[in-house]
Each structure stands twice: as structure tokens, then as C-alpha cells.
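Here is the file work29.txt (compact mmCIF, C-alpha atoms and all ligand atoms).
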```txt
# COMPACT_ATOMS: atom_id res chain seq x y z
CA MET A 1191 105.98 97.84 106.93
CA LEU A 1192 104.55 99.54 103.86
CA GLU A 1193 101.53 101.83 103.74
CA LEU A 1194 99.93 103.47 100.74
CA LYS A 1195 97.33 106.02 101.74
CA ASN A 1196 94.95 107.43 99.19
CA LEU A 1197 97.70 107.37 96.56
CA GLN A 1198 96.99 109.05 93.26
CA VAL A 1199 99.37 108.80 90.31
CA ASN A 1200 98.98 110.50 86.94
CA TYR A 1201 100.59 110.19 83.54
CA GLY A 1202 99.92 113.70 82.24
CA ARG A 1203 96.17 113.94 82.11
CA ILE A 1204 95.64 110.20 82.64
CA THR A 1205 95.06 109.15 86.25
CA ALA A 1206 96.37 105.61 86.62
CA LEU A 1207 95.94 105.23 90.40
CA LYS A 1208 92.84 106.94 91.70
CA GLY A 1209 93.47 107.02 95.44
CA ILE A 1210 94.56 103.58 96.58
CA THR A 1211 95.05 102.55 100.19
CA LEU A 1212 96.96 99.39 100.96
CA GLU A 1213 99.26 97.97 103.60
CA VAL A 1214 101.85 95.24 103.78
CA ARG A 1215 102.91 93.95 107.19
CA ALA A 1216 106.34 92.53 107.94
CA SER A 1217 106.76 88.90 106.76
CA GLU A 1218 103.56 88.94 104.74
CA LEU A 1219 103.14 88.00 101.12
CA VAL A 1220 100.54 90.40 99.76
CA ALA A 1221 99.25 90.07 96.21
CA VAL A 1222 97.68 92.73 94.06
CA ILE A 1223 95.68 91.15 91.28
CA GLY A 1224 94.06 92.89 88.35
CA SER A 1225 93.86 92.78 84.60
CA ASN A 1226 95.81 94.68 81.95
CA GLY A 1227 96.05 98.37 82.65
CA ALA A 1228 94.63 98.16 86.18
CA GLY A 1229 97.59 100.12 87.54
CA LYS A 1230 99.69 97.36 89.10
CA THR A 1231 103.01 98.34 87.51
CA THR A 1232 102.31 102.00 88.19
CA MET A 1233 101.88 101.18 91.86
CA LEU A 1234 105.21 99.35 92.12
CA LYS A 1235 107.04 102.03 90.14
CA THR A 1236 105.66 104.65 92.52
CA ILE A 1237 106.86 102.71 95.58
CA SER A 1238 110.34 102.60 93.98
CA SER A 1239 110.18 106.34 93.23
CA LEU A 1240 110.37 105.75 89.49
CA LEU A 1241 107.12 107.71 89.43
CA ARG A 1242 105.97 110.49 91.74
CA PRO A 1243 102.53 110.45 93.33
CA ALA A 1244 100.27 113.41 92.60
CA SER A 1245 98.78 113.06 96.07
CA GLY A 1246 98.50 110.68 98.98
CA GLU A 1247 101.10 109.11 101.23
CA LEU A 1248 103.66 106.38 100.79
CA LEU A 1249 105.26 105.16 104.01
CA PHE A 1250 107.91 102.51 104.61
CA GLU A 1251 108.54 101.64 108.24
CA GLY A 1252 106.74 104.85 109.11
CA LYS A 1253 108.91 107.12 106.91
CA SER A 1254 107.76 108.84 103.76
CA LEU A 1255 109.18 107.56 100.48
CA SER A 1256 107.64 110.31 98.39
CA SER A 1257 110.64 112.62 98.20
CA LEU A 1258 113.31 109.93 97.88
CA LYS A 1259 115.28 109.11 94.74
CA THR A 1260 115.24 105.54 93.45
CA HIS A 1261 118.72 104.73 94.75
CA GLU A 1262 117.69 106.01 98.18
CA VAL A 1263 114.71 103.64 98.12
CA ALA A 1264 117.11 100.79 97.30
CA LEU A 1265 119.26 101.80 100.28
CA LEU A 1266 116.22 101.21 102.48
CA ARG A 1267 116.35 97.62 101.17
CA ILE A 1268 113.32 97.77 98.95
CA ALA A 1269 114.12 95.67 95.87
CA HIS A 1270 112.14 95.91 92.66
CA CYS A 1271 111.97 92.96 90.28
CA PRO A 1272 110.47 94.66 87.22
CA GLU A 1273 107.88 93.54 84.73
CA GLY A 1274 109.53 91.84 81.76
CA ARG A 1275 112.58 90.95 83.89
CA LYS A 1276 114.88 93.58 82.35
CA VAL A 1277 118.08 91.63 82.84
CA PHE A 1278 121.23 93.18 81.40
CA ALA A 1279 121.39 90.99 78.30
CA GLN A 1280 125.03 91.67 77.41
CA GLN A 1281 126.26 91.00 80.94
CA SER A 1282 126.95 87.62 82.50
CA VAL A 1283 124.69 86.06 85.09
CA LYS A 1284 127.31 86.87 87.71
CA ASP A 1285 127.54 90.53 86.70
CA ASN A 1286 123.75 90.86 86.73
CA LEU A 1287 123.74 89.53 90.28
CA LEU A 1288 126.58 91.83 91.33
CA LEU A 1289 124.69 94.81 89.92
CA GLY A 1290 121.76 93.90 92.17
CA ALA A 1291 124.05 94.29 95.16
CA TYR A 1292 125.61 97.55 93.93
CA PRO A 1293 124.18 99.75 96.71
CA ARG A 1294 125.72 97.44 99.32
CA PHE A 1295 129.34 97.39 98.17
CA ARG A 1296 130.56 100.53 99.89
CA ARG A 1297 128.79 99.79 103.16
CA GLU A 1298 129.29 96.06 103.47
CA GLY A 1299 132.20 95.05 101.24
CA ARG A 1300 132.78 92.15 98.90
CA LYS A 1301 132.57 89.35 101.46
CA ALA A 1302 128.93 90.06 102.34
CA ILE A 1303 128.10 90.20 98.64
CA ASP A 1304 129.80 86.87 97.91
CA LEU A 1305 127.86 85.31 100.77
CA GLN A 1306 124.64 86.70 99.39
CA MET A 1307 125.44 85.28 95.96
CA ALA A 1308 126.00 81.86 97.51
CA GLN A 1309 122.52 82.13 99.06
CA VAL A 1310 120.99 83.12 95.73
CA PHE A 1311 122.65 80.07 94.15
CA GLU A 1312 121.09 77.88 96.85
CA ILE A 1313 117.68 79.19 95.82
CA PHE A 1314 118.42 79.04 92.08
CA PRO A 1315 121.01 76.29 91.45
CA LYS A 1316 120.59 76.80 87.70
CA LEU A 1317 122.10 80.26 87.98
CA ARG A 1318 125.25 78.77 89.46
CA GLU A 1319 125.57 76.43 86.48
CA ARG A 1320 125.24 79.41 84.15
CA VAL A 1321 127.24 81.93 86.06
CA SER A 1322 129.41 83.01 83.11
CA GLN A 1323 126.68 82.85 80.48
CA MET A 1324 125.37 86.10 78.95
CA ALA A 1325 121.99 86.85 80.53
CA GLY A 1326 120.42 87.50 77.11
CA THR A 1327 121.02 83.89 76.11
CA LEU A 1328 119.10 82.42 79.07
CA SER A 1329 115.59 81.04 78.61
CA GLY A 1330 112.65 83.17 79.75
CA GLY A 1331 112.28 81.17 82.95
CA GLU A 1332 115.98 81.42 83.72
CA GLN A 1333 115.88 85.16 83.08
CA GLN A 1334 112.98 85.46 85.52
CA MET A 1335 114.98 83.57 88.12
CA LEU A 1336 117.96 85.83 87.44
CA ALA A 1337 115.76 88.91 87.85
CA ILE A 1338 114.50 87.65 91.21
CA GLY A 1339 118.02 86.62 92.21
CA ARG A 1340 119.32 90.07 91.28
CA ALA A 1341 116.65 91.66 93.50
CA LEU A 1342 117.57 89.30 96.35
CA MET A 1343 121.20 90.43 96.09
CA LEU A 1344 120.07 93.63 97.78
CA ASN A 1345 119.15 91.50 100.81
CA PRO A 1346 115.78 93.22 100.72
CA LYS A 1347 113.38 93.74 103.59
CA LEU A 1348 110.67 94.27 101.00
CA LEU A 1349 110.64 92.58 97.61
CA LEU A 1350 108.42 94.03 94.88
CA LEU A 1351 107.62 91.44 92.23
CA ASP A 1352 105.99 92.64 89.02
CA GLU A 1353 104.19 89.90 87.10
CA PRO A 1354 106.76 87.13 87.43
CA SER A 1355 104.60 84.79 85.33
CA MET A 1356 104.73 87.00 82.25
CA GLY A 1357 105.42 85.11 79.03
CA LEU A 1358 106.40 81.86 80.73
CA ALA A 1359 105.20 78.31 80.07
CA PRO A 1360 102.84 76.90 82.76
CA ILE A 1361 105.42 74.47 84.11
CA ILE A 1362 107.98 77.26 84.53
CA ILE A 1363 105.36 79.49 86.15
CA ASP A 1364 104.83 76.73 88.73
CA GLU A 1365 108.57 76.63 89.38
CA VAL A 1366 108.78 80.40 89.82
CA PHE A 1367 105.76 80.45 92.14
CA SER A 1368 107.12 77.66 94.26
CA VAL A 1369 110.32 79.69 94.74
CA ILE A 1370 108.23 82.72 95.75
CA ARG A 1371 106.33 80.55 98.21
CA ARG A 1372 109.58 79.26 99.71
CA LEU A 1373 110.93 82.80 100.01
CA LYS A 1374 107.81 83.74 101.90
CA GLU A 1375 108.05 80.70 104.14
CA SER A 1376 111.66 81.51 104.98
CA GLY A 1377 110.28 84.62 106.71
CA ALA A 1378 113.38 86.57 105.66
CA VAL A 1379 111.63 88.85 103.21
CA THR A 1380 108.28 90.59 102.94
CA ILE A 1381 106.77 90.38 99.47
CA LEU A 1382 104.41 92.55 97.46
CA LEU A 1383 103.49 90.60 94.34
CA VAL A 1384 101.47 92.00 91.45
CA GLU A 1385 100.05 89.43 89.09
CA GLN A 1386 97.46 88.89 86.39
CA LEU A 1387 97.33 85.17 87.15
CA ALA A 1388 94.98 85.69 90.04
CA PHE A 1389 94.56 82.05 90.98
CA LYS A 1390 98.29 81.48 91.23
CA ALA A 1391 98.84 84.64 93.25
CA LEU A 1392 95.96 83.95 95.65
CA GLN A 1393 97.23 80.43 96.23
CA ILE A 1394 100.51 81.66 97.71
CA ALA A 1395 99.56 85.05 99.21
CA ASP A 1396 98.41 85.74 102.76
CA ARG A 1397 96.22 88.64 101.73
CA ALA A 1398 95.33 90.28 98.47
CA TYR A 1399 93.87 93.39 96.89
CA VAL A 1400 91.89 93.50 93.68
CA LEU A 1401 92.87 96.52 91.59
CA GLU A 1402 90.53 97.64 88.83
CA GLN A 1403 91.05 100.71 86.68
CA GLY A 1404 93.07 102.45 89.35
CA PHE A 1405 90.77 101.61 92.27
CA ILE A 1406 91.00 98.93 94.95
CA ARG A 1407 87.73 97.06 94.50
CA LEU A 1408 88.14 94.33 97.09
CA SER A 1409 90.65 93.15 99.64
CA GLY A 1410 90.99 90.42 102.21
CA GLU A 1411 92.54 87.11 103.10
CA SER A 1412 93.53 85.23 99.95
CA GLN A 1413 91.50 82.19 100.94
CA THR A 1414 88.41 84.36 101.33
CA LEU A 1415 88.98 86.02 97.97
CA LEU A 1416 89.43 82.63 96.31
CA SER A 1417 85.89 81.73 97.29
CA ASN A 1418 84.42 85.18 96.57
CA SER A 1419 81.96 84.90 93.69
CA GLU A 1420 82.85 88.32 92.20
CA VAL A 1421 86.54 87.39 92.14
CA GLN A 1422 85.77 83.98 90.72
CA LYS A 1423 83.68 85.46 87.95
CA ALA A 1424 86.09 88.22 86.98
CA TYR A 1425 89.50 86.66 87.64
CA LEU A 1426 89.38 82.93 88.19
CA GLY A 1427 88.23 81.75 84.78
CA ASN A 1428 89.70 78.55 83.39
CA LEU A 1429 92.68 80.41 82.03
CA HIS A 1430 93.86 81.18 85.55
CA ARG A 1431 93.37 77.72 87.01
CA PRO A 1432 95.83 74.90 86.77
CA ASN A 1433 94.61 72.14 84.45
P1 LIG B 1501 99.85 95.38 82.75
O1 LIG B 1501 99.69 94.13 83.50
O2 LIG B 1501 99.28 95.34 81.37
O3 LIG B 1501 101.23 95.95 82.80
P2 LIG B 1501 99.12 97.17 84.88
O4 LIG B 1501 98.01 96.81 85.80
O5 LIG B 1501 100.50 96.99 85.35
O6 LIG B 1501 98.89 96.43 83.50
P3 LIG B 1501 99.88 99.89 84.35
O7 LIG B 1501 100.99 99.54 83.42
O8 LIG B 1501 100.22 100.37 85.70
O9 LIG B 1501 98.86 98.68 84.46
O10 LIG B 1501 98.98 100.98 83.62
C1 LIG B 1501 97.90 101.65 84.27
C2 LIG B 1501 97.30 102.69 83.34
O11 LIG B 1501 98.24 103.72 83.11
C3 LIG B 1501 96.91 102.15 81.98
O12 LIG B 1501 95.72 102.77 81.60
C4 LIG B 1501 98.05 102.57 81.09
O13 LIG B 1501 97.62 102.77 79.77
C5 LIG B 1501 98.48 103.87 81.72
N1 LIG B 1501 99.92 104.10 81.52
C6 LIG B 1501 100.92 103.29 81.92
N2 LIG B 1501 102.12 103.83 81.58
C7 LIG B 1501 101.86 104.99 80.95
C8 LIG B 1501 102.67 106.00 80.36
N3 LIG B 1501 104.00 105.93 80.39
N4 LIG B 1501 102.03 107.05 79.78
C9 LIG B 1501 100.68 107.15 79.80
N5 LIG B 1501 99.86 106.23 80.33
C10 LIG B 1501 100.43 105.17 80.90
```

In C-alpha cells, what does this structure look like?
Ligand code: ATP
Amino acid sequence: MLELKNLQVNYGRITALKGITLEVRASELVAVIGSNGAGKTTMLKTISSLLRPASGELLFEGKSLSSLKTHEVALLRIAHCPEGRKVFAQQSVKDNLLLGAYPRFRREGRKAIDLQMAQVFEIFPKLRERVSQMAGTLSGGEQQMLAIGRALMLNPKLLLLDEPSMGLAPIIIDEVFSVIRRLKESGAVTILLVEQLAFKALQIADRAYVLEQGFIRLSGESQTLLSNSEVQKAYLGNLHRPN
């Protein structure tokens, strides 16, 4: 479904992605793990066309994404759930969700959007309870759920999840990850997850890539990576394991 071929991305003179090659097949949950500054966010922003690659190829269902604008990427049903959630704090939960479906209104009309919202509420019942509440007043975990719900309002083929665990208490992280697992199991959406919490990500992913300083260092089945001694040493310290 998604192919990155030798992708290089620069910020001025800084090269953040130094030629990465990666693929995501339909219905997979692929994780990219790596520490601070490895280039995970840069990779997702490039897929969404928020950043332009300096070289390399970026293909979605065989077509190049490189020259598209961000809204055109959204029209292909690639949804980006950004790092730090970025909900619209002064808007209600409902309006945040509607904004996630914005590219669909003209093509599909209100009925399809309402149906989608009902599905999002099935996944996140708490959002239904708080439908009129300002998003900025939700807890961190609720905001994360809203950010994922907003992305799902696009009815995405491919969901890009940037560090959904960020800043959340362990028990809430478990909740968020169990939702991601269920989304994967539903088979309705393909997921590319980037995460610092390597253990958590490897537990739910089919395959994973280890990104280090802009390079892919390792890749393989998640179960294989979980037992890889290099990965264990570098990424699966006590901090990343459940108690
Ligand atoms: P984190 O989990 O901390 O967000 P990350 O793996 O997502 O890390 P990126 O945010 O993609 O990493 O950053 C990759 C590299 O690019 C880092 O060295 C970072 O300092 C650099 N970088 C990111 N954004 C910019 C920017 N706007 N200008 C210059 N350098 C940047």
C-alpha cells in the first residue's frame, strides 16, 4: 500500500532522513520505533506532504505522493494523527470530529459523516459523553482518543499515528494501545505507528522498523525484533516494559 524508497529529507543543512526504505502492506500494522530525534515525525510529515523529500520515492497504491499537497493526500484517505494530538482546543469534541471529515463533505454528504461519527463513538464511548465539551478541557488521554477519532472520521485506508503514548499515564497508554490493536484486528484500516515505547509498539505490530539517526537499522517481524538482543539492549529497557 505504501512504499518509501531511499527517502531523504532535509531541514536546511540538516539531513533528518538519510535514505530510508520501508513498506506497509494493506491491513498491516507496521511500527517504526526509535528514540528522540531519530526521524519518526519527519517521516510521517513527509508522507502527509507537510515536508518535501529531497530525494527518493514515496508511493501510495503505486502512485507518487511527492508532488501532492496535504489536502490531496487526505483525499487519498491517508489520515495523520499528529504528535502531541493537536486537537482544536476551543472547539467542541463534535466540531473536532467534523473537521476530521472535512474533505468528505462535498463528495459524500452529511449522512455518511454522521454514520462515521456513530462508528467513532462506538470505538470511543467517552467521546459521545463529552460531545459538547471544549476539546481543550479534556484530559490528555481523552484528547488522544479525540485525535485518533478525528483521524478516523476521514474513513482512512491508511492511518498514520505519531507517538500516541506521549505524555500519558501508563494505564491510559494501555487503553490507547488496546484501541489501536482493535482497529488493526477490525481489518478496516492499515496502520503506520511511530512510537518511542518500543515494547508497547512491538507487542501490537505485525512488523517493525528500527529508525536511528535517520537510518533504518533493523526491520522484521515484531516477534523476532522483540527477541533480538540489539533491540532489547537499546530499546527494551525496564522503562519500556509493563511492570
Ligand atoms: P521525537 O520522538 O523526539 O519527536 P523523532 O524521531 O520524531 O523524535 P524528528 O522530530 O523527526 O524525530 O526529528 C529528526 C531530526 O530532525 C532531529 O535531529 C531534529 O532535531 C531535526 N528536526 C526536526 N524538525 C526540525 C526543524 N523544523 N528544523 C530543523 N531540524 C529539525

(message) Taking only C-alpha atoms and all ligand atoms into account, which residues have an atom no farther than 10 Å from ligand LIG 1501 (chain B)? I'd like them as a VMD selection string.
(response) chain A and resid 1199 to 1207 1222 to 1236 1241 1273 to 1274 1352 to 1353 1356 1384 to 1387 1401 to 1404

Centre and edges of the stretch 1257-1275 of chain A box, axis-aligned, 3 Å extra per side, as AutoDock Vina command-line options:
```
--center_x 113.6 --center_y 101.8 --center_z 92.1 --size_x 17.4 --size_y 27.7 --size_z 26.7
```

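As for atom CA of A:Phe1405 and atom CA of A:Ser1368, they are spaced 29.1 Å apart.
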
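Of the residues listed (A:Lys1276, A:Arg1242, A:Lys1423, A:Arg1397), A:Arg1242 shows the shortest atom-to-atom separation from A:Leu1258; distances use all atoms listed in the file.
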
(request) Report the distance between atom CA of A:Ser1282 and atom CA of A:Lys1374 in Å, rounded to one decimal place. (result) 27.5 Å

Which polymer residues have any atom within 12 Å of an atom of A:Phe1311, counting only C-alpha atoms, with same-chain residues fewer than 3 positions away left out, as a compact mmCIF listing (two decimals) with C-alpha atoms, in the frame of the given file?
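Listed below is the output, out-v4.txt:
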```
# COMPACT_ATOMS: atom_id res chain seq x y z
CA VAL A 1283 124.69 86.06 85.09
CA LYS A 1284 127.31 86.87 87.71
CA LEU A 1287 123.74 89.53 90.28
CA ASP A 1304 129.80 86.87 97.91
CA LEU A 1305 127.86 85.31 100.77
CA GLN A 1306 124.64 86.70 99.39
CA MET A 1307 125.44 85.28 95.96
CA ALA A 1308 126.00 81.86 97.51
CA PHE A 1314 118.42 79.04 92.08
CA PRO A 1315 121.01 76.29 91.45
CA LYS A 1316 120.59 76.80 87.70
CA LEU A 1317 122.10 80.26 87.98
CA ARG A 1318 125.25 78.77 89.46
CA GLU A 1319 125.57 76.43 86.48
CA ARG A 1320 125.24 79.41 84.15
CA VAL A 1321 127.24 81.93 86.06
CA MET A 1335 114.98 83.57 88.12
CA LEU A 1336 117.96 85.83 87.44
CA ILE A 1338 114.50 87.65 91.21
CA GLY A 1339 118.02 86.62 92.21
CA ARG A 1340 119.32 90.07 91.28
CA LEU A 1342 117.57 89.30 96.35
CA MET A 1343 121.20 90.43 96.09
```

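Here atom CA of A:Ala1341 is placed at a distance of 19.4 Å from atom CA of A:Ile1394.
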
(request) Dig up all the protein and nucleic acid residues within 12 Å of (93.8, 83.3, 90.8) in the file frame, using all atoms listed in the file, and format them as an MDAnalysis selection string. (result) chainID A and resid 1221:1225 1384:1395 1398:1400 1412:1418 1421:1432

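Within the 9 Å cut-off around A:Ser1355, using all atoms listed in the file and omitting residues fewer than 4 positions from it on the same chain, the listed residues are Gly1331, Gln1334, Ala1359, Pro1360, Ile1362, Ile1363, Asp1364, Val1366, Phe1367, Glu1385, Gln1386 and Leu1387 of chain A.
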
Would you save the residues from that selection as a PDB file, in the frame of the given file, using C-alpha atoms?
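Output below, filename part36.pdb:
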```pdb
ATOM      1  CA  GLY A1331     112.280  81.170  82.950  1.00  0.00           C
ATOM      2  CA  GLN A1334     112.980  85.460  85.520  1.00  0.00           C
ATOM      3  CA  ALA A1359     105.200  78.310  80.070  1.00  0.00           C
ATOM      4  CA  PRO A1360     102.840  76.900  82.760  1.00  0.00           C
ATOM      5  CA  ILE A1362     107.980  77.260  84.530  1.00  0.00           C
ATOM      6  CA  ILE A1363     105.360  79.490  86.150  1.00  0.00           C
ATOM      7  CA  ASP A1364     104.830  76.730  88.730  1.00  0.00           C
ATOM      8  CA  VAL A1366     108.780  80.400  89.820  1.00  0.00           C
ATOM      9  CA  PHE A1367     105.760  80.450  92.140  1.00  0.00           C
ATOM     10  CA  GLU A1385     100.050  89.430  89.090  1.00  0.00           C
ATOM     11  CA  GLN A1386      97.460  88.890  86.390  1.00  0.00           C
ATOM     12  CA  LEU A1387      97.330  85.170  87.150  1.00  0.00           C
TER      13      LEU A1387
END
```
